[in-house]
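Participant: Handing you a structure now.
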Amino acid sequence: MELNNIQSYLLKEIADIDAGTLTGAYNIRSDSMSIGRQSTENVEIVSKTGVSGMDIFIKPNTVGESVHIPVVMTQSGLKEEVYNDFYIGDNADIEIVAGCGIDNCGSHDSEHDGIHRFYIGKNAKVKYVEKHFGSGEGSGKRILNPVTEVYMEENSTCEMEMVQIKGVDDTERKTVAELKAGAKLTVRERLMTHNTQRALSDYAVSLNGEDATADVVSRGVARDDSYQKLDLRITGNAACKGHTECDSIIMDNGKILAVPALEANDVDASLVHEAAIGKIAGDQLIKLMTLGLTEAEAEEQIINGFLR
């Protein structure tokens with residue numbers, strides 16, 4: 001698989017991979033085309049028919065394997081909608097690395113809408129990492145609209161890391177999850193916006209089985225004149241536990257709106273929301289500045305630690 005410098009740069013940013021040494025199951029997509037694919041004995045990647053995207057089948061009891069499906073876009077004005085479905089067999093333990101990087105040096109908007117659906121079998125464990133990144137000096141926007149749907153069978157576990165690194169002009173992120181008895185969902189979202197960027201993030205989690213648990217935490221930094229809105233909804237339909245949290249920093253003229261919603265439909269449903277939005281504390285800046293950092297350097301150090 002031969003890549004140009006921009007493709008290699010984007011893949012490193014969103015997936016921390018070198019495509020030349022990539023092993024395991026993978027599909028590398030660039031400008032609406034697959035430029036490299038490999039299945040394994042336990043992980044099969046098959047192209048869909050009728051729509052753009054893939055079906056990824058992970059055999060039951062598969063342990064210690066990974067699947068990489070990053071997307072890069074380098075053509076200004078390109079817009080695509082991609083459907084990827086993951087079928088994770090019972091007792092599997094798998095890591096899935098996705099993400100999209102857009103480099104737009106032109107005057108037309110570039111957009112990637114990725115719809116990922118996960119069907120997680122009984123007792124299976126999934127770690128999912130999705131990073132979004134934008135670069136390029138063009139006036140055209142870099143637009144990313146991910147949709148993530150998670151359907152979890154009994155006693156399954158899903159850990160999700162959802163990150164917007166920088167450079168994404170507009171994003172509408174939607175996540176839906178349905179959990180059966182004993183299933184556990186953990187989400188860690190981290191968003192950075194600047195200039196006039198806009199980021200809307202919407203979560204709808206249904207805890208449908210006894211002892212199902214969900215922990216959804218979003219951290220955001222809104223700089224310049226950017227705007228973020230976070231909708232966090234958990235519905236408890238059984239004896240379950242749910243926790244949502246918004247922990248955000250605003251700078252300059254940035255704006256952040258957090259809209260929590262908790263619905264308990266069972267007397268033993270325990271649902272909690274926490275929120276903290278505000279500027280960087282002055283004592284934090286002063287402490288770092290006494291070590292020789294400028295105010296700008298101190299701010300960057302605090303933000304980098306906050307978004308880890």
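Identifiers in this document derive from the order of the structure tokens: chains are assigned A, B, ..., residues are numbered from 1 separately in each chain, and ligands are numbered from 1 in order of occurrence.
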Applying 10 Å and only C-alpha atoms, which residues near A:Ser218 remain after dropping the ones on its own chain fewer than 5 positions away? List them as a PDB file with C-alpha atoms, in the first residue's frame.
Facilitator:
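Result file around.pdb:
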```
ATOM      1  CA  MET A 162     -14.542   9.498  21.066  1.00  0.00           C
ATOM      2  CA  VAL A 163     -12.116  12.327  20.320  1.00  0.00           C
ATOM      3  CA  VAL A 187     -17.888   6.474  27.018  1.00  0.00           C
ATOM      4  CA  ARG A 188     -15.162   9.098  27.210  1.00  0.00           C
ATOM      5  CA  GLU A 189     -15.712  11.966  24.777  1.00  0.00           C
ATOM      6  CA  ARG A 190     -13.189  14.792  24.308  1.00  0.00           C
ATOM      7  CA  LEU A 191     -13.887  17.783  22.054  1.00  0.00           C
ATOM      8  CA  SER A 201     -23.138  15.931  20.499  1.00  0.00           C
ATOM      9  CA  LEU A 230     -24.158  18.438  24.569  1.00  0.00           C
ATOM     10  CA  LEU A 232     -27.036  13.550  27.446  1.00  0.00           C
ATOM     11  CA  THR A 244     -23.573  11.249  32.808  1.00  0.00           C
ATOM     12  CA  GLU A 245     -21.109  14.096  33.201  1.00  0.00           C
ATOM     13  CA  CYS A 246     -20.266  17.297  31.357  1.00  0.00           C
ATOM     14  CA  ASP A 247     -16.913  18.820  32.352  1.00  0.00           C
ATOM     15  CA  SER A 248     -15.983  21.741  30.106  1.00  0.00           C
ATOM     16  CA  ALA A 258     -25.229  21.081  28.382  1.00  0.00           C
ATOM     17  CA  ALA A 275     -21.930  19.216  35.183  1.00  0.00           C
ATOM     18  CA  LEU A 307      -8.324  16.576  27.463  1.00  0.00           C
TER      19      LEU A 307
END
```
Participant: With only C-alpha atoms as the counted atoms, please give the residues lying no more than 9 Å from stretch 74-88 of chain A, apart from itself and same-chain residues fewer than 3 positions off, as a PyMOL selection string.
Facilitator: chain A and resi 6-7+30-32+48+51-60+62+91-94+101-121+124-126+136+138+140-141
Participant: Do a neighbour search on A:Lys255 at 7 Å with only C-alpha atoms, toss out local chain neighbours closer than 4 positions, and write the hits as a list in words.
Facilitator: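 My list of contacting residues is Ala222, Ser226, Tyr227, Gln228 and Ile250 of chain A.
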Participant: List every residue of stretch 18-99 of chain A that DSSP, applied to the backbone, labels as strand (DSSP E), and write the result as JSON, numbers by chain.
Facilitator: {"A": [25, 26, 27, 28, 29, 30, 33, 34, 35, 36, 37, 38, 43, 44, 45, 46, 47, 53, 54, 55, 56, 57, 58, 63, 64, 65, 66, 67, 68, 71, 72, 73, 79, 80, 81, 82, 83, 84, 85, 86, 87, 88, 93, 94, 95, 96, 97]}
Participant: If you keep C-alpha atoms, can you produce a file of those selected residues as a CSV table (one decimal), in the first residue's frame?
Facilitator:
```
chain,number,residue,atom,x,y,z
A,25,ALA,CA,-7.5,-7.0,10.0
A,26,TYR,CA,-7.9,-3.5,8.4
A,27,ASN,CA,-9.5,-1.4,5.7
A,28,ILE,CA,-7.9,1.9,4.8
A,29,ARG,CA,-10.2,4.2,3.0
A,30,SER,CA,-9.0,7.3,1.1
A,33,MET,CA,-12.1,4.3,-2.2
A,34,SER,CA,-10.6,1.3,-0.3
A,35,ILE,CA,-6.8,1.5,-0.9
A,36,GLY,CA,-5.9,-1.5,1.4
A,37,ARG,CA,-7.8,-4.3,3.0
A,38,GLN,CA,-6.9,-7.4,5.0
A,43,VAL,CA,-12.1,-11.2,11.4
A,44,GLU,CA,-13.8,-11.0,8.0
A,45,ILE,CA,-14.3,-7.6,6.3
A,46,VAL,CA,-16.9,-7.7,3.4
A,47,SER,CA,-18.0,-4.8,1.2
A,53,GLY,CA,-19.5,0.6,3.5
A,54,MET,CA,-18.6,-2.7,5.1
A,55,ASP,CA,-19.8,-5.6,7.2
A,56,ILE,CA,-17.2,-6.7,9.7
A,57,PHE,CA,-17.7,-10.2,11.2
A,58,ILE,CA,-15.8,-11.1,14.4
A,63,VAL,CA,-9.4,-12.7,21.8
A,64,GLY,CA,-6.5,-10.2,21.4
A,65,GLU,CA,-7.1,-9.1,17.9
A,66,SER,CA,-7.7,-5.6,16.4
A,67,VAL,CA,-9.5,-4.1,13.5
A,68,HIS,CA,-8.4,-0.8,12.0
A,71,VAL,CA,-10.8,7.1,6.7
A,72,VAL,CA,-8.8,10.0,5.1
A,73,MET,CA,-10.0,12.6,2.7
A,79,LYS,CA,-18.9,14.3,0.3
A,80,GLU,CA,-19.6,10.7,1.3
A,81,GLU,CA,-21.9,8.6,3.5
A,82,VAL,CA,-20.5,5.3,4.7
A,83,TYR,CA,-22.3,2.5,6.6
A,84,ASN,CA,-20.2,0.0,8.6
A,85,ASP,CA,-21.8,-2.8,10.7
A,86,PHE,CA,-19.8,-4.8,13.2
A,87,TYR,CA,-21.0,-8.2,14.3
A,88,ILE,CA,-19.1,-9.2,17.4
A,93,ASP,CA,-12.5,-9.5,23.2
A,94,ILE,CA,-11.6,-7.1,20.4
A,95,GLU,CA,-10.2,-3.6,19.8
A,96,ILE,CA,-11.6,-1.5,16.9
A,97,VAL,CA,-9.9,1.7,15.8
```
Participant: At a cut-off of 12 Å, using only C-alpha atoms, what residues contact A:Gly209? Leave out same-chain residues fewer than 3 positions from it and give the result as number ranges by chain.
Facilitator: A: 152-156, 178-184, 206, 212-214, 235-241, 265-266, 268-269
Participant: Keeping only C-alpha atoms, write the selected residues to a file as an mmCIF file, in the first residue's frame.
Facilitator:
```
data_model
loop_
_atom_site.group_PDB
_atom_site.id
_atom_site.type_symbol
_atom_site.label_atom_id
_atom_site.label_comp_id
_atom_site.auth_asym_id
_atom_site.auth_seq_id
_atom_site.Cartn_x
_atom_site.Cartn_y
_atom_site.Cartn_z
ATOM 1 C CA MET A 152 -25.391 -4.925 23.659
ATOM 2 C CA GLU A 153 -26.376 -8.433 24.667
ATOM 3 C CA GLU A 154 -26.266 -9.808 28.215
ATOM 4 C CA ASN A 155 -23.078 -9.188 30.227
ATOM 5 C CA SER A 156 -21.243 -7.562 27.333
ATOM 6 C CA GLU A 178 -29.366 -0.179 24.052
ATOM 7 C CA LEU A 179 -28.169 -2.426 26.877
ATOM 8 C CA LYS A 180 -29.527 -5.768 28.046
ATOM 9 C CA ALA A 181 -29.054 -7.327 31.501
ATOM 10 C CA GLY A 182 -25.568 -6.984 32.965
ATOM 11 C CA ALA A 183 -24.209 -5.020 30.007
ATOM 12 C CA LYS A 184 -21.738 -2.203 30.729
ATOM 13 C CA SER A 206 -31.429 2.943 27.168
ATOM 14 C CA ALA A 212 -27.079 -2.738 33.130
ATOM 15 C CA THR A 213 -24.723 0.218 33.689
ATOM 16 C CA ALA A 214 -23.653 3.244 31.660
ATOM 17 C CA THR A 235 -33.395 6.037 30.267
ATOM 18 C CA GLY A 236 -33.543 3.409 32.999
ATOM 19 C CA ASN A 237 -36.097 0.709 32.233
ATOM 20 C CA ALA A 238 -34.920 -1.777 34.873
ATOM 21 C CA ALA A 239 -32.894 -1.989 38.080
ATOM 22 C CA CYS A 240 -29.807 -0.289 36.641
ATOM 23 C CA LYS A 241 -27.187 2.417 37.147
ATOM 24 C CA ASN A 265 -39.073 3.919 34.510
ATOM 25 C CA ASP A 266 -38.190 1.460 37.278
ATOM 26 C CA ASP A 268 -34.674 0.599 41.254
ATOM 27 C CA ALA A 269 -33.148 2.664 38.457
#
```
Participant: Quick check, in Å to one decimal: how far apart do atom CA of A:Leu288 and atom CA of A:Gln301 lie?
Facilitator: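 These two atoms are separated by 8.7 Å.
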Participant: Go through stretch 6-241 of chain A and collect every residue that DSSP, computed from the backbone, puts in alpha helix (DSSP H); the answer should be as a short mmCIF file (atom, residue, chain, number, x, y, z; two decimals) with C-alpha atoms, in the first residue's frame.
Facilitator:
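Ended up saving to selection.cif:
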```
data_model
loop_
_atom_site.label_atom_id
_atom_site.label_comp_id
_atom_site.auth_asym_id
_atom_site.auth_seq_id
_atom_site.Cartn_x
_atom_site.Cartn_y
_atom_site.Cartn_z
CA ILE A 6 -0.85 13.83 3.41
CA GLN A 7 -2.44 10.40 3.71
CA SER A 8 0.35 9.20 6.00
CA TYR A 9 0.07 12.33 8.14
CA LEU A 10 -3.69 11.98 8.57
CA LEU A 11 -3.46 8.27 9.44
CA LYS A 12 -0.89 9.02 12.10
CA GLU A 13 -3.10 11.70 13.64
CA ILE A 14 -6.36 9.75 13.74
CA ALA A 15 -5.15 6.18 14.32
#
```
Participant: Using atom CA of A:Ile249 and atom CA of A:Gly99 as the two end points, give the distance in Å to one decimal.
Facilitator: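 Result for atom CA of A:Ile249 versus atom CA of A:Gly99: 24.1 Å, one decimal.
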Participant: Nearest to A:Arg142 among A:Ala177, A:Cys100, A:Leu257, A:Cys158, with distances taken over only C-alpha atoms: which residue is it?
Facilitator: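 Using only C-alpha atoms, the shortest distance to A:Arg142 belongs to A:Cys100.
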Participant: Could you give me, as a PyMOL selection string, the residues within 12 Å of stretch 293-300 of chain A, counting only C-alpha atoms and dropping anything in the same chain fewer than 5 positions from it?
Facilitator: chain A and resi 221+223+249-251+279-288+305-307
Participant: Take the selection from the previous step and output its residues with all heavy atoms, as a CSV table (one decimal), in the first residue's frame.
Facilitator:
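Saved result, selection_17.csv, follows:
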```
chain,number,residue,atom,x,y,z
A,221,VAL,N,-13.5,21.8,25.3
A,221,VAL,CA,-12.9,23.1,25.4
A,221,VAL,C,-13.4,23.9,24.2
A,221,VAL,O,-13.1,23.5,23.1
A,221,VAL,CB,-11.3,23.0,25.4
A,221,VAL,CG1,-10.7,24.4,25.4
A,221,VAL,CG2,-10.8,22.2,26.6
A,223,ARG,N,-13.0,27.5,22.4
A,223,ARG,CA,-12.2,28.7,22.3
A,223,ARG,C,-12.7,29.6,21.3
A,223,ARG,O,-13.6,29.3,20.5
A,223,ARG,CB,-10.7,28.3,22.0
A,223,ARG,CG,-10.2,27.1,22.8
A,223,ARG,CD,-8.8,26.7,22.3
A,223,ARG,NE,-7.8,27.6,22.9
A,223,ARG,CZ,-6.5,27.2,23.1
A,223,ARG,NH1,-6.1,26.0,22.8
A,223,ARG,NH2,-5.6,28.0,23.6
A,249,ILE,N,-14.5,23.5,29.6
A,249,ILE,CA,-13.8,24.8,29.8
A,249,ILE,C,-14.2,25.7,28.6
A,249,ILE,O,-14.2,25.4,27.5
A,249,ILE,CB,-12.2,24.6,29.7
A,249,ILE,CG1,-11.8,23.8,31.0
A,249,ILE,CG2,-11.5,26.0,29.7
A,249,ILE,CD1,-10.3,23.5,30.9
A,250,ILE,N,-14.6,27.0,29.0
A,250,ILE,CA,-14.8,28.0,28.0
A,250,ILE,C,-13.7,29.1,28.0
A,250,ILE,O,-13.2,29.4,29.1
A,250,ILE,CB,-16.2,28.7,28.2
A,250,ILE,CG1,-16.4,29.2,29.6
A,250,ILE,CG2,-17.3,27.7,27.8
A,250,ILE,CD1,-17.7,29.9,29.8
A,251,MET,N,-13.3,29.5,26.9
A,251,MET,CA,-12.3,30.6,26.7
A,251,MET,C,-12.8,31.6,25.7
A,251,MET,O,-13.6,31.3,24.9
A,251,MET,CB,-11.0,29.9,26.3
A,251,MET,CG,-10.5,28.8,27.2
A,251,MET,SD,-9.0,27.9,26.5
A,251,MET,CE,-7.8,29.3,26.6
A,279,LYS,N,-14.4,28.9,33.1
A,279,LYS,CA,-13.1,29.3,32.6
A,279,LYS,C,-12.0,28.6,33.4
A,279,LYS,O,-12.2,28.0,34.5
A,279,LYS,CB,-12.9,30.8,32.6
A,279,LYS,CG,-12.9,31.4,34.0
A,279,LYS,CD,-12.7,32.9,33.9
A,279,LYS,CE,-12.7,33.5,35.3
A,279,LYS,NZ,-12.5,35.0,35.3
A,280,ILE,N,-10.7,28.7,32.9
A,280,ILE,CA,-9.6,28.1,33.7
A,280,ILE,C,-9.4,28.9,34.9
A,280,ILE,O,-9.4,30.2,34.9
A,280,ILE,CB,-8.3,28.1,32.8
A,280,ILE,CG1,-8.5,27.2,31.6
A,280,ILE,CG2,-7.1,27.7,33.6
A,280,ILE,CD1,-7.4,27.3,30.6
A,281,ALA,N,-9.2,28.2,36.1
A,281,ALA,CA,-9.1,28.9,37.3
A,281,ALA,C,-7.8,29.7,37.3
A,281,ALA,O,-6.7,29.3,36.9
A,281,ALA,CB,-9.1,27.9,38.5
A,282,GLY,N,-7.9,31.0,37.9
A,282,GLY,CA,-6.7,31.9,37.9
A,282,GLY,C,-5.5,31.3,38.7
A,282,GLY,O,-4.4,31.5,38.3
A,283,ASP,N,-5.8,30.6,39.8
A,283,ASP,CA,-4.7,30.1,40.6
A,283,ASP,C,-4.0,29.0,39.8
A,283,ASP,O,-2.8,28.8,40.1
A,283,ASP,CB,-5.2,29.5,41.9
A,283,ASP,CG,-6.3,28.5,41.8
A,283,ASP,OD1,-6.8,28.3,40.7
A,283,ASP,OD2,-6.6,27.8,42.8
A,284,GLN,N,-4.6,28.3,38.9
A,284,GLN,CA,-3.9,27.3,38.1
A,284,GLN,C,-2.9,28.0,37.2
A,284,GLN,O,-1.8,27.5,37.1
A,284,GLN,CB,-4.9,26.5,37.3
A,284,GLN,CG,-5.8,25.6,38.0
A,284,GLN,CD,-6.8,24.9,37.1
A,284,GLN,OE1,-7.7,25.5,36.6
A,284,GLN,NE2,-6.6,23.6,36.9
A,285,LEU,N,-3.3,29.1,36.6
A,285,LEU,CA,-2.4,29.8,35.7
A,285,LEU,C,-1.3,30.4,36.5
A,285,LEU,O,-0.1,30.3,36.1
A,285,LEU,CB,-3.2,30.9,35.0
A,285,LEU,CG,-4.2,30.5,33.9
A,285,LEU,CD1,-5.0,31.8,33.5
A,285,LEU,CD2,-3.6,29.8,32.8
A,286,ILE,N,-1.5,31.0,37.6
A,286,ILE,CA,-0.5,31.6,38.4
A,286,ILE,C,0.6,30.6,38.9
A,286,ILE,O,1.8,30.9,38.8
A,286,ILE,CB,-1.1,32.3,39.6
A,286,ILE,CG1,-2.0,33.5,39.2
A,286,ILE,CG2,0.0,32.8,40.6
A,286,ILE,CD1,-2.8,34.1,40.3
A,287,LYS,N,0.1,29.5,39.3
A,287,LYS,CA,1.0,28.4,39.7
A,287,LYS,C,2.0,28.0,38.6
A,287,LYS,O,3.2,27.9,38.9
A,287,LYS,CB,0.2,27.2,40.2
A,287,LYS,CG,1.1,26.1,40.8
A,287,LYS,CD,0.2,25.0,41.4
A,287,LYS,CE,1.1,23.9,42.0
A,287,LYS,NZ,0.3,22.8,42.6
A,288,LEU,N,1.5,27.8,37.4
A,288,LEU,CA,2.4,27.4,36.3
A,288,LEU,C,3.2,28.6,35.9
A,288,LEU,O,4.4,28.4,35.5
A,288,LEU,CB,1.5,26.9,35.1
A,288,LEU,CG,0.8,25.6,35.4
A,288,LEU,CD1,-0.1,25.2,34.2
A,288,LEU,CD2,1.9,24.5,35.5
A,305,GLY,N,-3.7,18.7,29.6
A,305,GLY,CA,-3.9,17.7,30.6
A,305,GLY,C,-5.4,17.4,30.8
A,305,GLY,O,-5.8,16.3,31.1
A,306,PHE,N,-6.2,18.4,30.6
A,306,PHE,CA,-7.7,18.3,30.8
A,306,PHE,C,-8.3,17.3,29.8
A,306,PHE,O,-9.2,16.6,30.1
A,306,PHE,CB,-8.3,19.7,30.7
A,306,PHE,CG,-9.8,19.7,30.8
A,306,PHE,CD1,-10.4,19.6,32.0
A,306,PHE,CD2,-10.6,19.9,29.6
A,306,PHE,CE1,-11.8,19.6,32.1
A,306,PHE,CE2,-12.0,19.9,29.7
A,306,PHE,CZ,-12.6,19.8,31.0
A,307,LEU,N,-7.8,17.4,28.5
A,307,LEU,CA,-8.3,16.6,27.5
A,307,LEU,C,-7.7,15.2,27.3
A,307,LEU,O,-8.0,14.5,26.4
A,307,LEU,CB,-8.2,17.3,26.1
A,307,LEU,CG,-9.1,18.6,26.0
A,307,LEU,CD1,-8.8,19.3,24.7
A,307,LEU,CD2,-10.6,18.2,26.1
```
